[in-house]
2 protein chains.
Amino acid sequence: MAASNERIREVVESYVSLVGDGTAAEIVDLFAEGATLEDPVGSAVRTTREELLEFYGMLEGLQQESRLVECRIAGSEAAFHFELRTITDGGTFTLGPIDVMRFDDDARITSMRAFWSDEDMTIS
Amino acid sequence: MAASNERIREVVESYVSLVGDGTAAEIVDLFAEGATLEDPVGSAVRTTREELLEFYGMLEGLQQESRLVECRIAGSEAAFHFELRTITDGGTFTLGPIDVMRFDDDARITSMRAFWSDEDMTIS
């Protein structure tokens, strides 16, 4: 049976929260085996757990805050707008991607595609 | 050559504006031949110009206002959050889908997928 919208929303909320202050392993545990990741859309698709761990490992150690802005769920997929603020000595970098995720029946992420470009990054 | 982000953004803005107060033919003219439409995600995919005209024809004659809230563009695709308000004698119905579109080199829409569910409709 397909995962419920409620369960999918919980996973999206966990994902956004963990991108802010979780470990790479905690984030990757939300993904199904064989999941694919394209971030940003148009870049090379990551396909292995090692590649996913490497990708999210880049966030570890950074001082970050994240929040979910809007989330829409339909047909075992979700599209959501979230904001990720990275606080550095040189200023605060804010990126607000729109991510699209597919989920399996256990609400594990089977694919993630992130829509953003350099134009969407602001510095304050 | 792939359509520029600027051109894609113009088409998204035209689309949102026309969904508010355009004709079905004006909206469908933004699509490439053979384009597909899945609205909402998980429903049957519409594949012919006739089906697209029928779909957008449902909006004609309604009193509507639309606005683009957020738009992200990457790799000749766009994900955008917009708001569509339909004003009736029974109240104002507001729906705020997140749409995902692909574009050809001429910035014509080759596929559209709309993320929303009944839960995302508000009445005021």
# chains A, B, ... in the order shown; residues from 1 in each chain; ligands from 1

$ interface_residues --of "chain A" --to "chain B" --cutoff "9 Å" --atoms "only C-alpha atoms" --output "list in words"
Pro40, Val41, Gly42, Ser43, Glu70, Cys71, Arg72, Ile73, Ala74, Gly75, Ser76, Glu77, Ala78, Ala79, Phe80, His81, Gly96, Pro97, Ile98, Asp99, Val100, Ala114, Phe115, Trp116, Ser117 and Asp120 of chain A

$ write_last_selection --atoms "C-alpha atoms" --output "PDB file, in the first residue's frame"
ATOM      1  CA  PRO A  40      20.796  20.617  -8.558  1.00  0.00           C
ATOM      2  CA  VAL A  41      18.567  19.356 -11.382  1.00  0.00           C
ATOM      3  CA  GLY A  42      20.721  19.036 -14.495  1.00  0.00           C
ATOM      4  CA  SER A  43      23.828  17.841 -12.615  1.00  0.00           C
ATOM      5  CA  GLU A  70       5.618  24.913   1.758  1.00  0.00           C
ATOM      6  CA  CYS A  71       4.989  21.228   1.034  1.00  0.00           C
ATOM      7  CA  ARG A  72       2.625  19.643  -1.495  1.00  0.00           C
ATOM      8  CA  ILE A  73       2.035  15.894  -1.647  1.00  0.00           C
ATOM      9  CA  ALA A  74       0.357  13.931  -4.438  1.00  0.00           C
ATOM     10  CA  GLY A  75       0.586  10.388  -5.737  1.00  0.00           C
ATOM     11  CA  SER A  76       3.392   9.245  -3.353  1.00  0.00           C
ATOM     12  CA  GLU A  77       5.516  12.211  -4.375  1.00  0.00           C
ATOM     13  CA  ALA A  78       6.234  15.490  -2.667  1.00  0.00           C
ATOM     14  CA  ALA A  79       7.338  18.923  -3.860  1.00  0.00           C
ATOM     15  CA  PHE A  80       8.470  21.272  -1.136  1.00  0.00           C
ATOM     16  CA  HIS A  81      10.101  24.641  -0.710  1.00  0.00           C
ATOM     17  CA  GLY A  96      15.658  28.221  -0.762  1.00  0.00           C
ATOM     18  CA  PRO A  97      15.400  25.220  -3.086  1.00  0.00           C
ATOM     19  CA  ILE A  98      12.261  23.468  -4.246  1.00  0.00           C
ATOM     20  CA  ASP A  99      12.868  19.722  -3.908  1.00  0.00           C
ATOM     21  CA  VAL A 100      10.865  16.951  -5.540  1.00  0.00           C
ATOM     22  CA  ALA A 114      16.544  19.771  -6.153  1.00  0.00           C
ATOM     23  CA  PHE A 115      15.573  22.868  -8.139  1.00  0.00           C
ATOM     24  CA  TRP A 116      17.828  25.861  -7.502  1.00  0.00           C
ATOM     25  CA  SER A 117      20.583  27.857  -9.173  1.00  0.00           C
ATOM     26  CA  ASP A 120      18.671  31.755  -5.696  1.00  0.00           C
TER      27      ASP A 120
END

$ calpha_fit_and_write --fixed "chain A" --moving "chain B" --output "CSV table (one decimal) with C-alpha atoms, in the first residue's frame"
chain,number,residue,atom,x,y,z
B,1,MET,CA,0.0,0.0,0.0
B,2,ALA,CA,1.3,3.4,-0.9
B,3,ALA,CA,2.6,5.6,2.0
B,4,SER,CA,0.1,8.0,3.4
B,5,ASN,CA,0.4,11.8,2.8
B,6,GLU,CA,0.8,12.1,6.6
B,7,ARG,CA,3.8,9.7,6.7
B,8,ILE,CA,5.4,11.4,3.6
B,9,ARG,CA,5.0,14.8,5.3
B,10,GLU,CA,6.8,13.5,8.4
B,11,VAL,CA,9.7,12.2,6.3
B,12,VAL,CA,9.9,15.6,4.5
B,13,GLU,CA,9.9,17.4,7.9
B,14,SER,CA,12.6,15.0,9.2
B,15,TYR,CA,14.7,15.5,6.0
B,16,VAL,CA,14.6,19.3,6.2
B,17,SER,CA,15.4,19.2,9.9
B,18,LEU,CA,18.3,16.8,9.5
B,19,VAL,CA,19.7,18.8,6.5
B,20,GLY,CA,20.0,21.7,9.1
B,21,ASP,CA,21.7,19.8,11.9
B,22,GLY,CA,21.8,16.1,11.3
B,23,THR,CA,24.6,13.8,10.2
B,24,ALA,CA,25.0,12.5,6.7
B,25,ALA,CA,24.2,9.0,7.9
B,26,GLU,CA,21.0,10.2,9.5
B,27,ILE,CA,19.9,11.9,6.3
B,28,VAL,CA,20.8,9.0,4.0
B,29,ASP,CA,18.9,6.6,6.3
B,30,LEU,CA,15.7,8.3,5.0
B,31,PHE,CA,16.5,7.0,1.5
B,32,ALA,CA,15.6,3.6,0.1
B,33,GLU,CA,18.3,1.3,-1.3
B,34,GLY,CA,19.1,2.3,-4.9
B,35,ALA,CA,17.7,5.8,-4.5
B,36,THR,CA,18.9,8.5,-6.8
B,37,LEU,CA,19.8,12.1,-6.1
B,38,GLU,CA,20.1,15.0,-8.6
B,39,ASP,CA,21.1,18.3,-6.8
B,40,PRO,CA,20.8,20.6,-8.6
B,41,VAL,CA,18.6,19.4,-11.4
B,42,GLY,CA,20.7,19.0,-14.5
B,43,SER,CA,23.8,17.9,-12.6
B,44,ALA,CA,25.1,14.3,-12.5
B,45,VAL,CA,22.8,11.9,-10.7
B,46,ARG,CA,24.2,10.3,-7.6
B,47,THR,CA,23.1,6.6,-7.3
B,48,THR,CA,25.0,4.9,-4.5
B,49,ARG,CA,24.8,5.1,-0.7
B,50,GLU,CA,28.5,6.2,-0.7
B,51,GLU,CA,27.8,9.0,-3.1
B,52,LEU,CA,24.8,10.2,-1.0
B,53,LEU,CA,26.9,10.0,2.2
B,54,GLU,CA,29.6,12.1,0.4
B,55,PHE,CA,27.1,14.6,-0.8
B,56,TYR,CA,25.4,15.2,2.6
B,57,GLY,CA,28.8,14.9,4.4
B,58,MET,CA,29.6,18.3,2.8
B,59,LEU,CA,27.0,19.9,5.2
B,60,GLU,CA,28.4,18.3,8.3
B,61,GLY,CA,30.3,20.8,10.6
B,62,LEU,CA,28.6,23.8,9.1
B,63,GLN,CA,26.4,26.0,11.3
B,64,GLN,CA,23.0,25.8,9.6
B,65,GLU,CA,19.4,26.4,10.2
B,66,SER,CA,16.6,25.0,8.1
B,67,ARG,CA,12.9,25.4,7.8
B,68,LEU,CA,10.1,24.0,5.7
B,69,VAL,CA,8.2,26.7,3.9
B,70,GLU,CA,5.6,24.9,1.8
B,71,CYS,CA,5.0,21.2,1.0
B,72,ARG,CA,2.6,19.6,-1.5
B,73,ILE,CA,2.0,15.9,-1.6
B,74,ALA,CA,0.4,13.9,-4.4
B,75,GLY,CA,0.6,10.4,-5.7
B,76,SER,CA,3.4,9.2,-3.4
B,77,GLU,CA,5.5,12.2,-4.4
B,78,ALA,CA,6.2,15.5,-2.7
B,79,ALA,CA,7.3,18.9,-3.9
B,80,PHE,CA,8.5,21.3,-1.1
B,81,HIS,CA,10.1,24.6,-0.7
B,82,PHE,CA,12.5,24.9,2.2
B,83,GLU,CA,15.1,27.3,3.3
B,84,LEU,CA,18.7,26.5,4.4
B,85,ARG,CA,20.7,29.2,6.1
B,86,THR,CA,24.4,28.7,6.6
B,87,ILE,CA,26.1,31.0,9.1
B,88,THR,CA,29.8,31.7,8.5
B,89,ASP,CA,32.2,34.4,9.6
B,90,GLY,CA,31.8,35.9,6.1
B,91,GLY,CA,28.0,36.3,6.4
B,92,THR,CA,24.8,34.2,6.3
B,93,PHE,CA,24.2,32.3,3.0
B,94,THR,CA,20.5,31.5,2.4
B,95,LEU,CA,19.3,29.1,-0.2
B,96,GLY,CA,15.7,28.2,-0.8
B,97,PRO,CA,15.4,25.2,-3.1
B,98,ILE,CA,12.3,23.5,-4.2
B,99,ASP,CA,12.9,19.7,-3.9
B,100,VAL,CA,10.9,17.0,-5.5
B,101,MET,CA,10.9,13.5,-3.9
B,102,ARG,CA,9.4,10.1,-4.7
B,103,PHE,CA,8.7,7.6,-2.0
B,104,ASP,CA,8.2,3.9,-1.7
B,105,ASP,CA,5.4,2.2,0.2
B,106,ASP,CA,7.5,2.5,3.4
B,107,ALA,CA,7.9,6.3,2.8
B,108,ARG,CA,11.6,5.9,2.1
B,109,ILE,CA,12.9,8.4,-0.5
B,110,THR,CA,13.5,6.7,-3.8
B,111,SER,CA,14.5,9.8,-5.7
B,112,MET,CA,15.3,13.4,-4.9
B,113,ARG,CA,15.7,16.3,-7.4
B,114,ALA,CA,16.6,19.8,-6.1
B,115,PHE,CA,15.6,22.9,-8.1
B,116,TRP,CA,17.8,25.9,-7.5
B,117,SER,CA,20.6,27.9,-9.2
B,118,ASP,CA,23.2,30.3,-8.0
B,119,GLU,CA,20.7,33.1,-8.6
B,120,ASP,CA,18.7,31.7,-5.7
B,121,MET,CA,21.5,32.2,-3.2
B,122,THR,CA,21.4,35.3,-1.1
B,123,ILE,CA,24.1,36.6,1.3
B,124,SER,CA,23.4,38.8,4.3

$ select_by_dssp --residues "segment 4-121 of chain B" --states "strand (DSSP E or B)" --output "PyMOL selection string"
chain B and resi 31-38+46+63-74+77-88+91-95+98-103+109-115+121
